[in-house]
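For reference, data-v9.csv (CSV, C-alpha atoms and all ligand atoms):
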```csv
chain,number,residue,atom,x,y,z
A,29,MET,CA,21.3,-46.6,33.8
A,30,THR,CA,24.0,-44.0,33.1
A,31,PHE,CA,26.2,-44.5,30.1
A,32,GLU,CA,29.7,-43.2,30.6
A,33,LYS,CA,31.6,-42.2,27.5
A,34,PRO,CA,35.0,-44.0,27.2
A,35,ARG,CA,38.1,-42.1,26.4
A,36,ARG,CA,38.7,-44.3,23.4
A,37,ARG,CA,37.2,-43.1,20.1
A,38,VAL,CA,33.7,-44.5,19.3
A,39,LYS,CA,32.0,-44.2,15.9
A,40,ARG,CA,29.6,-47.1,15.8
A,41,VAL,CA,27.4,-49.2,18.0
A,42,TYR,CA,26.7,-52.9,17.1
A,43,ILE,CA,23.7,-54.9,18.2
A,44,HIS,CA,23.9,-58.6,18.7
A,45,CYS,CA,21.9,-61.5,19.9
A,46,SER,CA,23.2,-64.4,22.1
A,47,ALA,CA,21.8,-67.0,19.7
A,48,SER,CA,20.1,-68.9,22.4
A,49,ASP,CA,16.7,-68.8,24.0
A,50,HIS,CA,17.6,-71.0,27.0
A,51,ALA,CA,16.7,-69.5,30.3
A,52,HIS,CA,19.9,-70.7,31.9
A,53,HIS,CA,21.9,-68.8,29.3
A,54,ASP,CA,20.1,-65.6,30.2
A,55,ASP,CA,23.0,-64.0,32.0
A,56,VAL,CA,26.2,-62.1,31.1
A,57,SER,CA,28.2,-64.6,33.1
A,58,VAL,CA,27.3,-67.3,30.6
A,59,MET,CA,28.5,-65.1,27.8
A,60,ASP,CA,31.7,-64.6,29.7
A,61,GLN,CA,32.2,-68.4,30.0
A,62,TRP,CA,31.5,-68.9,26.3
A,63,HIS,CA,33.8,-66.3,25.2
A,64,CYS,CA,36.6,-67.4,27.6
A,65,LYS,CA,36.3,-70.9,25.9
A,66,ARG,CA,37.0,-69.2,22.6
A,67,GLY,CA,40.3,-68.0,24.2
A,68,TRP,CA,39.2,-64.4,24.9
A,69,SER,CA,40.1,-62.9,28.2
A,70,GLU,CA,36.4,-62.0,29.0
A,71,VAL,CA,33.0,-61.5,27.4
A,72,GLY,CA,33.3,-59.7,24.1
A,73,TYR,CA,30.2,-57.5,24.6
A,74,HIS,CA,30.0,-54.3,26.7
A,75,PHE,CA,26.3,-54.8,27.5
A,76,PHE,CA,24.0,-57.7,27.9
A,77,ILE,CA,20.2,-57.4,28.0
A,78,LYS,CA,18.2,-60.2,29.7
A,79,LYS,CA,14.7,-61.3,28.6
A,80,ASP,CA,13.2,-59.3,31.5
A,81,GLY,CA,14.9,-56.2,30.3
A,82,GLU,CA,17.7,-56.1,32.9
A,83,LEU,CA,20.8,-54.5,31.7
A,84,GLN,CA,24.1,-56.1,32.6
A,85,ARG,CA,27.6,-54.8,32.0
A,86,GLY,CA,30.2,-57.1,30.4
A,87,ARG,CA,33.5,-56.0,29.1
A,88,PRO,CA,34.6,-52.6,30.5
A,89,ILE,CA,33.5,-49.9,28.1
A,90,GLU,CA,37.0,-48.5,28.0
A,91,LYS,CA,38.2,-51.7,26.2
A,92,THR,CA,37.6,-52.5,22.5
A,93,PRO,CA,35.0,-55.2,22.2
A,94,ALA,CA,35.5,-58.7,20.7
A,95,ALA,CA,32.2,-59.0,18.8
A,96,GLN,CA,32.4,-58.1,15.1
A,97,ALA,CA,35.4,-59.8,13.5
A,98,ASN,CA,37.5,-57.1,11.8
A,99,TYR,CA,35.1,-54.4,12.9
A,100,ASN,CA,35.8,-54.1,16.6
A,101,SER,CA,37.8,-50.9,16.8
A,102,GLY,CA,35.9,-47.7,17.5
A,103,THR,CA,32.7,-49.6,18.5
A,104,ILE,CA,30.4,-50.5,21.4
A,105,ALA,CA,28.8,-53.9,21.4
A,106,ILE,CA,25.4,-54.7,22.9
A,107,CYS,CA,23.9,-58.2,23.1
A,108,LEU,CA,20.3,-59.1,23.6
A,109,HIS,CA,19.6,-62.6,24.9
A,110,GLY,CA,17.6,-64.5,22.3
A,111,LEU,CA,17.6,-66.4,19.1
A,112,GLU,CA,14.1,-66.7,17.6
A,113,LYS,CA,12.6,-63.4,16.5
A,114,PRO,CA,9.2,-63.7,18.4
A,115,LYS,CA,11.0,-64.6,21.6
A,116,PHE,CA,12.7,-61.2,22.1
A,117,THR,CA,10.7,-59.2,24.6
A,118,ASP,CA,9.4,-55.6,24.7
A,119,ALA,CA,11.2,-55.2,28.0
A,120,GLN,CA,14.5,-55.9,26.1
A,121,PHE,CA,13.6,-53.4,23.4
A,122,GLU,CA,12.8,-50.7,25.9
A,123,THR,CA,16.1,-51.2,27.6
A,124,LEU,CA,17.9,-51.2,24.3
A,125,ARG,CA,16.2,-48.0,23.2
A,126,GLU,CA,17.1,-46.3,26.5
A,127,LEU,CA,20.7,-47.4,26.4
A,128,CYS,CA,21.1,-46.4,22.7
A,129,ALA,CA,19.5,-43.0,23.4
A,130,GLU,CA,22.0,-42.4,26.2
A,131,ILE,CA,24.9,-43.4,24.0
A,132,ASP,CA,23.5,-41.2,21.2
A,133,GLU,CA,23.2,-38.2,23.5
A,134,ALA,CA,26.7,-38.7,24.9
A,135,TYR,CA,28.0,-38.5,21.3
A,136,ASP,CA,25.7,-35.7,20.3
A,137,GLY,CA,24.1,-37.8,17.6
A,138,LYS,CA,27.4,-38.5,15.9
A,139,VAL,CA,27.5,-42.3,16.4
A,140,THR,CA,25.6,-44.7,14.2
A,141,PHE,CA,23.8,-48.0,15.2
A,142,HIS,CA,24.1,-51.2,13.3
A,143,GLY,CA,23.3,-54.9,13.3
A,144,HIS,CA,26.1,-57.5,13.4
A,145,CYS,CA,24.6,-58.7,10.1
A,146,GLU,CA,25.8,-55.6,8.3
A,147,VAL,CA,29.5,-56.6,8.6
A,148,ALA,CA,29.2,-60.5,8.7
A,149,ALA,CA,27.3,-63.2,6.8
A,150,LYS,CA,25.0,-63.7,9.8
A,151,SER,CA,21.5,-63.0,10.7
A,152,CYS,CA,22.6,-61.6,14.1
A,153,PRO,CA,20.8,-59.9,15.8
A,154,VAL,CA,17.8,-61.6,14.1
A,155,PHE,CA,15.1,-59.1,15.3
A,156,ASP,CA,14.4,-55.9,13.3
A,157,TYR,CA,16.8,-53.6,15.1
A,158,ARG,CA,16.2,-50.9,12.5
A,159,GLU,CA,12.5,-50.7,13.4
A,160,VAL,CA,13.1,-51.1,17.2
A,161,LEU,CA,15.6,-48.2,17.2
A,162,ASP,CA,13.9,-46.2,14.5
A,163,LEU,CA,17.1,-45.9,12.5
A,164,ASP,CA,17.5,-43.8,9.4
A,165,ALA,CA,19.3,-45.1,6.3
A,166,LYS,CA,22.7,-44.2,7.8
A,167,GLY,CA,22.0,-45.9,11.1
A,168,ARG,CA,21.3,-42.7,13.1
A,169,LEU,CA,18.9,-43.0,16.0
A,170,GLY,CA,15.4,-41.6,15.4
A,171,ALA,CA,15.3,-40.1,18.9
A,172,GLY,CA,18.5,-38.1,18.1
A,173,SER,CA,17.5,-36.7,14.7
A,174,GLN,CA,15.1,-33.9,13.9
A,175,ASN,CA,11.9,-35.9,13.8
A,176,SER,CA,12.7,-37.5,17.1
A,177,VAL,CA,9.6,-37.8,19.2
A,178,SER,CA,6.8,-38.5,16.7
A,179,ALA,CA,9.0,-40.6,14.5
A,180,VAL,CA,9.6,-42.9,17.5
A,181,THR,CA,6.1,-42.7,18.9
A,182,ALA,CA,4.0,-42.5,15.8
A,183,PRO,CA,3.3,-46.3,15.6
A,184,ASP,CA,1.7,-46.0,19.1
A,185,PRO,CA,-1.4,-43.7,19.1
A,186,ASP,CA,-1.9,-44.3,22.8
A,187,ILE,CA,1.2,-42.6,24.0
A,188,MET,CA,0.4,-40.1,26.7
A,189,LEU,CA,3.4,-38.5,28.4
A,190,ARG,CA,2.6,-36.6,31.5
A,191,VAL,CA,4.0,-35.5,34.9
A,192,GLY,CA,5.6,-38.6,36.5
A,193,ALA,CA,6.5,-40.3,33.3
A,194,ASP,CA,10.1,-41.2,32.6
A,195,GLY,CA,12.3,-43.0,30.2
A,196,TRP,CA,13.6,-42.6,26.7
A,197,ARG,CA,10.4,-41.2,25.2
A,198,VAL,CA,10.4,-38.4,27.8
A,199,LYS,CA,14.0,-37.7,27.0
A,200,ALA,CA,13.3,-37.6,23.3
A,201,LEU,CA,10.4,-35.2,24.0
A,202,GLN,CA,12.7,-33.0,26.2
A,203,LYS,CA,15.3,-32.9,23.4
A,204,GLN,CA,12.8,-31.9,20.8
A,205,LEU,CA,11.3,-29.2,23.0
A,206,THR,CA,14.8,-27.8,23.8
A,207,ALA,CA,15.7,-27.9,20.1
A,208,LEU,CA,12.5,-25.8,19.4
A,209,GLY,CA,13.4,-23.2,22.0
A,210,TYR,CA,11.3,-24.4,25.0
A,211,HIS,CA,13.3,-24.8,28.2
A,212,VAL,CA,12.8,-28.0,30.0
A,213,GLY,CA,15.7,-27.6,32.4
A,214,GLN,CA,17.8,-30.8,32.4
A,215,VAL,CA,17.2,-33.4,29.7
A,216,ASP,CA,17.0,-36.2,32.2
A,217,GLY,CA,14.1,-38.3,31.0
A,218,ASP,CA,11.9,-37.3,33.9
A,219,TYR,CA,8.6,-35.5,33.1
A,220,GLY,CA,8.6,-33.0,35.9
A,221,ARG,CA,7.1,-29.5,36.3
A,222,ARG,CA,9.5,-27.8,33.9
A,223,THR,CA,8.8,-30.3,31.1
A,224,ARG,CA,5.1,-29.7,31.7
A,225,ALA,CA,5.6,-26.0,31.6
A,226,ALA,CA,7.5,-26.3,28.3
A,227,VAL,CA,4.7,-28.6,26.9
A,228,LEU,CA,2.1,-26.1,28.0
A,229,ALA,CA,3.9,-23.2,26.3
A,230,PHE,CA,4.3,-25.3,23.1
A,231,GLN,CA,0.6,-26.2,23.2
A,232,ALA,CA,-0.4,-22.6,23.7
A,233,ASP,CA,1.8,-21.4,20.8
A,234,ASN,CA,0.3,-24.1,18.5
A,235,ASP,CA,-3.4,-23.8,19.3
A,236,LEU,CA,-3.5,-27.2,21.0
A,237,ASP,CA,-5.5,-28.1,24.1
A,238,THR,CA,-3.3,-26.8,27.0
A,239,ASP,CA,-3.4,-29.8,29.3
A,240,GLY,CA,0.3,-30.2,29.8
A,241,ILE,CA,0.1,-33.8,28.5
A,242,ALA,CA,2.1,-34.8,25.4
A,243,GLY,CA,-0.3,-37.1,23.6
A,244,PRO,CA,-0.4,-38.0,19.9
A,245,LYS,CA,-1.6,-34.6,18.7
A,246,THR,CA,1.0,-32.7,20.6
A,247,LEU,CA,3.7,-35.1,19.5
A,248,ALA,CA,2.6,-34.8,15.9
A,249,ALA,CA,2.6,-31.0,16.2
A,250,LEU,CA,6.1,-31.1,17.7
A,251,ASP,CA,7.3,-33.0,14.6
A,252,ALA,CA,5.9,-30.3,12.3
A,253,ALA,CA,6.9,-27.3,14.4
A,254,GLN,CA,9.4,-24.7,13.5
A,255,LYS,CA,12.1,-23.5,15.9
A,256,ARG,CA,10.6,-20.8,18.0
A,257,GLU,CA,12.0,-17.2,18.1
A,258,VAL,CA,13.1,-17.4,21.7
A,259,GLY,CA,14.3,-13.9,22.5
A,260,GLU,CA,11.9,-11.3,21.0
A,261,GLU,CA,8.9,-13.5,20.7
A,262,ARG,CA,9.2,-14.6,24.3
A,263,GLN,CA,9.8,-11.1,25.5
A,264,ALA,CA,6.9,-9.5,23.6
A,265,ALA,CA,4.3,-12.3,23.6
A,266,GLY,CA,5.3,-13.9,26.8
A,267,LEU,CA,2.4,-12.4,28.8
A,268,LEU,CA,-0.2,-13.1,26.2
A,269,SER,CA,0.8,-16.7,25.7
A,270,LEU,CA,0.9,-17.2,29.4
A,271,ALA,CA,-2.6,-15.9,29.6
A,272,ASP,CA,-3.5,-18.5,27.0
A,273,GLU,CA,-2.0,-21.2,29.0
A,274,GLY,CA,-4.5,-20.4,31.7
A,275,SER,CA,-2.3,-18.7,34.2
A,276,ARG,CA,-4.9,-16.8,36.1
A,277,ILE,CA,-2.4,-14.2,37.5
A,278,ALA,CA,-1.0,-13.4,34.1
A,279,ASP,CA,-4.5,-13.4,32.6
A,280,ALA,CA,-5.7,-11.0,35.3
A,281,SER,CA,-2.7,-8.8,34.7
A,282,VAL,CA,-3.4,-8.6,31.0
A,283,LYS,CA,-7.0,-7.6,31.6
A,284,GLN,CA,-6.1,-5.2,34.3
A,285,ALA,CA,-3.5,-3.6,32.0
A,286,SER,CA,-6.1,-3.0,29.3
A,287,ALA,CA,-8.6,-1.6,31.7
A,288,GLY,CA,-6.0,0.7,33.2
A,289,GLY,CA,-5.0,1.7,29.7
A,290,MET,CA,-8.5,2.7,28.8
A,291,VAL,CA,-9.0,4.8,31.9
A,292,ALA,CA,-5.7,6.5,31.3
A,293,ALA,CA,-6.6,7.0,27.6
A,294,GLY,CA,-9.9,8.5,28.7
A,295,GLY,CA,-8.1,10.9,31.0
A,296,ALA,CA,-5.7,11.9,28.3
A,297,LEU,CA,-8.4,12.5,25.7
A,298,GLY,CA,-10.3,14.5,28.3
A,299,VAL,CA,-7.4,16.8,28.8
A,300,VAL,CA,-6.9,17.1,25.1
A,301,SER,CA,-10.5,17.9,24.5
A,302,LEU,CA,-10.4,20.6,27.1
A,303,VAL,CA,-7.3,22.2,25.7
A,304,GLY,CA,-8.1,22.1,22.0
A,305,GLU,CA,-11.5,23.5,21.2
A,306,THR,CA,-11.1,22.6,17.5
A,307,MET,CA,-10.8,18.8,18.2
A,308,SER,CA,-14.6,18.2,18.1
A,309,SER,CA,-14.1,14.7,16.7
A,310,VAL,CA,-11.9,13.8,19.7
A,311,ARG,CA,-14.6,15.2,22.0
A,312,GLU,CA,-17.1,12.9,20.4
A,313,ALA,CA,-14.9,10.0,21.1
A,314,VAL,CA,-14.8,10.8,24.7
A,315,SER,CA,-18.5,11.7,25.0
A,316,PRO,CA,-19.0,9.2,27.8
A,317,PHE,CA,-16.7,11.4,29.8
A,318,SER,CA,-17.9,14.8,28.7
A,319,GLY,CA,-20.7,15.0,31.2
A,320,LEU,CA,-18.4,14.3,34.0
A,321,LEU,CA,-15.8,16.6,32.6
A,322,ALA,CA,-18.3,19.5,32.4
A,323,GLU,CA,-19.1,18.9,36.0
A,324,PHE,CA,-15.7,18.3,37.6
A,325,GLY,CA,-13.4,19.9,35.0
A,326,PRO,CA,-9.8,19.1,34.3
A,327,LEU,CA,-9.2,17.8,37.8
A,328,LEU,CA,-11.1,14.6,37.0
A,329,ALA,CA,-9.3,14.1,33.7
A,330,ILE,CA,-5.9,14.4,35.5
A,331,ALA,CA,-7.1,12.1,38.3
A,332,ALA,CA,-8.2,9.5,35.7
A,333,LEU,CA,-4.9,9.8,34.0
A,334,ALA,CA,-3.0,9.2,37.2
A,335,ILE,CA,-5.2,6.3,38.4
A,336,GLY,CA,-5.1,4.7,34.9
A,337,GLY,CA,-1.3,5.0,34.8
A,338,PHE,CA,-1.0,3.5,38.2
A,339,ILE,CA,-3.2,0.5,37.3
A,340,VAL,CA,-1.1,-0.1,34.2
A,341,TRP,CA,2.1,0.2,36.1
A,342,GLN,CA,0.9,-2.3,38.7
A,343,ALA,CA,-0.3,-4.7,36.1
A,344,VAL,CA,2.9,-4.6,34.1
A,345,ARG,CA,4.9,-5.1,37.2
A,346,ALA,CA,2.8,-8.2,38.3
A,347,GLY,CA,2.9,-9.6,34.7
A,348,ARG,CA,6.6,-9.1,34.4
A,349,ALA,CA,7.2,-11.0,37.7
A,350,ARG,CA,5.0,-13.8,36.4
A,351,VAL,CA,6.8,-14.0,33.2
A,352,GLU,CA,10.1,-14.0,35.0
A,353,ASP,CA,8.9,-16.9,37.2
A,354,HIS,CA,7.9,-18.7,34.1
A,355,ARG,CA,11.3,-18.2,32.4
A,356,THR,CA,13.2,-19.3,35.4
A,357,GLY,CA,10.9,-22.2,36.0
A,358,LYS,CA,9.6,-21.2,39.4
A,359,THR,CA,6.1,-21.8,38.3
A,360,SER,CA,4.7,-24.3,35.9
B,1,ZN,ZN,26.6,-61.0,16.7
```

Using the file provided, produce a representation of the structure as structure tokens.
Ligand SMILES: [Zn+2]
Amino acid sequence: MTFEKPRRRVKRVYIHCSASDHAHHDDVSVMDQWHCKRGWSEVGYHFFIKKDGELQRGRPIEKTPAAQANYNSGTIAICLHGLEKPKFTDAQFETLRELCAEIDEAYDGKVTFHGHCEVAAKSCPVFDYREVLDLDAKGRLGAGSQNSVSAVTAPDPDIMLRVGADGWRVKALQKQLTALGYHVGQVDGDYGRRTRAAVLAFQADNDLDTDGIAGPKTLAALDAAQKREVGEERQAAGLLSLADEGSRIADASVKQASAGGMVAAGGALGVVSLVGETMSSVREAVSPFSGLLAEFGPLLAIAALAIGGFIVWQAVRAGRARVEDHRTGKTS
């Protein structure tokens, strides 16, 4: 589904139920008939959610609804088919969450969600919409506020989001990663390679198992996480954290760089020790080289310096390319 923001002003979203559990009422066309009998031009709700979770469109979103007497202006009205609390289905709730998450995103978290019962002496929509949508006291959607993912998923310890997953939970995860400074590309609700890369980076930064799967531990850590220092931290620690993530190329380039650095340092110390006779302590530090130095002289030291420098240069170059690929999302 793709929610399209109307040009009219919208501040609130109201949730309703159809007040019937009859199968032959499970369609927006029935609501249309009922509402026409009341003298309205068409169904008063913008959306209707069937028991099987199918989302149907009712009144065009551009028009003000006829759903909450005296409270229609500036609203969107959603109706779930049902009357008795236990007869609403999980499929309906999933669709409702997805729809509301889209609306919330379209309005940057500035709309609030309410039950019809808040503005009328009715029990509509009967089911616990606050819990289903994880609303805060003001009616803001859980998935849109700071504690998005884990607040929504906490009741379910079996949640495992991985490549191939999609839906509102993934979207909430992507939003939270983005807010924390991990790039997921488009916040589209599809758990693809970029989302996996962001999860991996987050896991590496937070000492979690780097499996690229957002399970209960990762989701809980996301909730507790501080916003990451993107610029500097990413520049400086990029290679090291990539190595943690298990990227073999980056890992090898880190190791290669240290090895090259040691060889170069050895060469440099060799030169220093030859030049400065007083630096006996330095000579001691390079004692493994001193035998060789005695035999081959400064040539070896200079060669070591050159070779070490070259190895470092190569490693840094390879590492930088890897980090760049990671940043631009070429690799996961
Ligand atoms: Zn209602």

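Nearest residue to ligand ZN 1 (chain B) among A:Lys39, A:His109, A:Arg125, A:Lys166 is A:His109, counting only C-alpha atoms and all ligand atoms.
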
Practice task
Taking all atoms listed in the file into account, report as a PyMOL selection string which residues have an atom no farther than 7 Å from an atom of ligand ZN 1 (chain B).
Solution key: chain A and resi 43-45+95-96+144+152-153

Could you write out the selected residues, including C-alpha atoms, as an mmCIF file, in the coordinates of the input?
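New file selection.cif:
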```cif
data_model
loop_
_atom_site.group_PDB
_atom_site.id
_atom_site.type_symbol
_atom_site.label_atom_id
_atom_site.label_comp_id
_atom_site.auth_asym_id
_atom_site.auth_seq_id
_atom_site.Cartn_x
_atom_site.Cartn_y
_atom_site.Cartn_z
ATOM 1 C CA ILE A 43 23.700 -54.900 18.200
ATOM 2 C CA HIS A 44 23.900 -58.600 18.700
ATOM 3 C CA CYS A 45 21.900 -61.500 19.900
ATOM 4 C CA ALA A 95 32.200 -59.000 18.800
ATOM 5 C CA GLN A 96 32.400 -58.100 15.100
ATOM 6 C CA HIS A 144 26.100 -57.500 13.400
ATOM 7 C CA CYS A 152 22.600 -61.600 14.100
ATOM 8 C CA PRO A 153 20.800 -59.900 15.800
#
```

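With distances restricted to all atoms listed in the file, A:Glu90 is the closest residue to Ile104 of chain A from A:Glu90, A:Glu130, A:Asp251, A:Glu159.
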
Handout entry: Of the listed residues A:Ala248, A:Leu108, A:Trp62, A:His52, that which approaches His74 of chain A most closely, counting all atoms listed in the file
Key = A:Leu108

Handout entry: Residue contacts of Gln202 of chain A (10 Å, only C-alpha atoms) excluding same-chain residues fewer than 2 positions away, as number ranges by chain
Key = A: 177, 196-200, 204-208, 210-219, 222-224, 226-227

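Taking atom CA of Thr140 of chain A as the reference point, atom CA of Tyr42 of chain A is found at 8.8 Å.
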
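Atom CA of Val56 of chain A is found 8.1 Å from atom CA of Phe75 of chain A.
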
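Distances here use only C-alpha atoms; by that measure, the residue among A:Asn234, A:Thr103, A:Gln254, A:Thr117 closest to Lys33 of chain A is A:Thr103.
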
Handout entry: Within-10 Å shell of (14.9, -52.8, 22.1) in input frame, only C-alpha atoms, as an MDAnalysis selection string
Key = chainID A and resid 43 77 81 108 116:128 155:161

Practice task
May I ask for the distance between atom CA of Gly137 of chain A and atom CA of Tyr99 of chain A, given in Å to one decimal place?
Solution key: 20.5 Å

Show which residues sit within 12 Å of Gly86 of chain A, as a compact mmCIF listing (two decimals) with C-alpha atoms, in the coordinates of the input. Count all atoms listed in the file, and ignore same-chain residues fewer than 2 positions away.
```
# COMPACT_ATOMS: atom_id res chain seq x y z
CA ASP A 55 23.00 -64.00 32.00
CA VAL A 56 26.20 -62.10 31.10
CA SER A 57 28.20 -64.60 33.10
CA VAL A 58 27.30 -67.30 30.60
CA MET A 59 28.50 -65.10 27.80
CA ASP A 60 31.70 -64.60 29.70
CA GLN A 61 32.20 -68.40 30.00
CA HIS A 63 33.80 -66.30 25.20
CA SER A 69 40.10 -62.90 28.20
CA GLU A 70 36.40 -62.00 29.00
CA VAL A 71 33.00 -61.50 27.40
CA GLY A 72 33.30 -59.70 24.10
CA TYR A 73 30.20 -57.50 24.60
CA HIS A 74 30.00 -54.30 26.70
CA PHE A 75 26.30 -54.80 27.50
CA PHE A 76 24.00 -57.70 27.90
CA ILE A 77 20.20 -57.40 28.00
CA LEU A 83 20.80 -54.50 31.70
CA GLN A 84 24.10 -56.10 32.60
CA PRO A 88 34.60 -52.60 30.50
CA ILE A 89 33.50 -49.90 28.10
CA GLU A 90 37.00 -48.50 28.00
CA LYS A 91 38.20 -51.70 26.20
CA THR A 92 37.60 -52.50 22.50
CA PRO A 93 35.00 -55.20 22.20
CA ALA A 94 35.50 -58.70 20.70
CA ALA A 95 32.20 -59.00 18.80
CA ILE A 104 30.40 -50.50 21.40
CA ALA A 105 28.80 -53.90 21.40
CA ILE A 106 25.40 -54.70 22.90
CA CYS A 107 23.90 -58.20 23.10
```

Completion exercise
From the list A:Ala252, A:Gln231, A:Glu82, A:Gly220, the nearest residue to Asp194 of chain A using only C-alpha atoms is A:Gly220

Practice task
Choose the residue, out of A:Ala47, A:Ala165, A:Ala249, A:Ala97, that has the smallest atom-to-atom separation from Lys115 of chain A; count only C-alpha atoms.
Solution key: A:Ala47
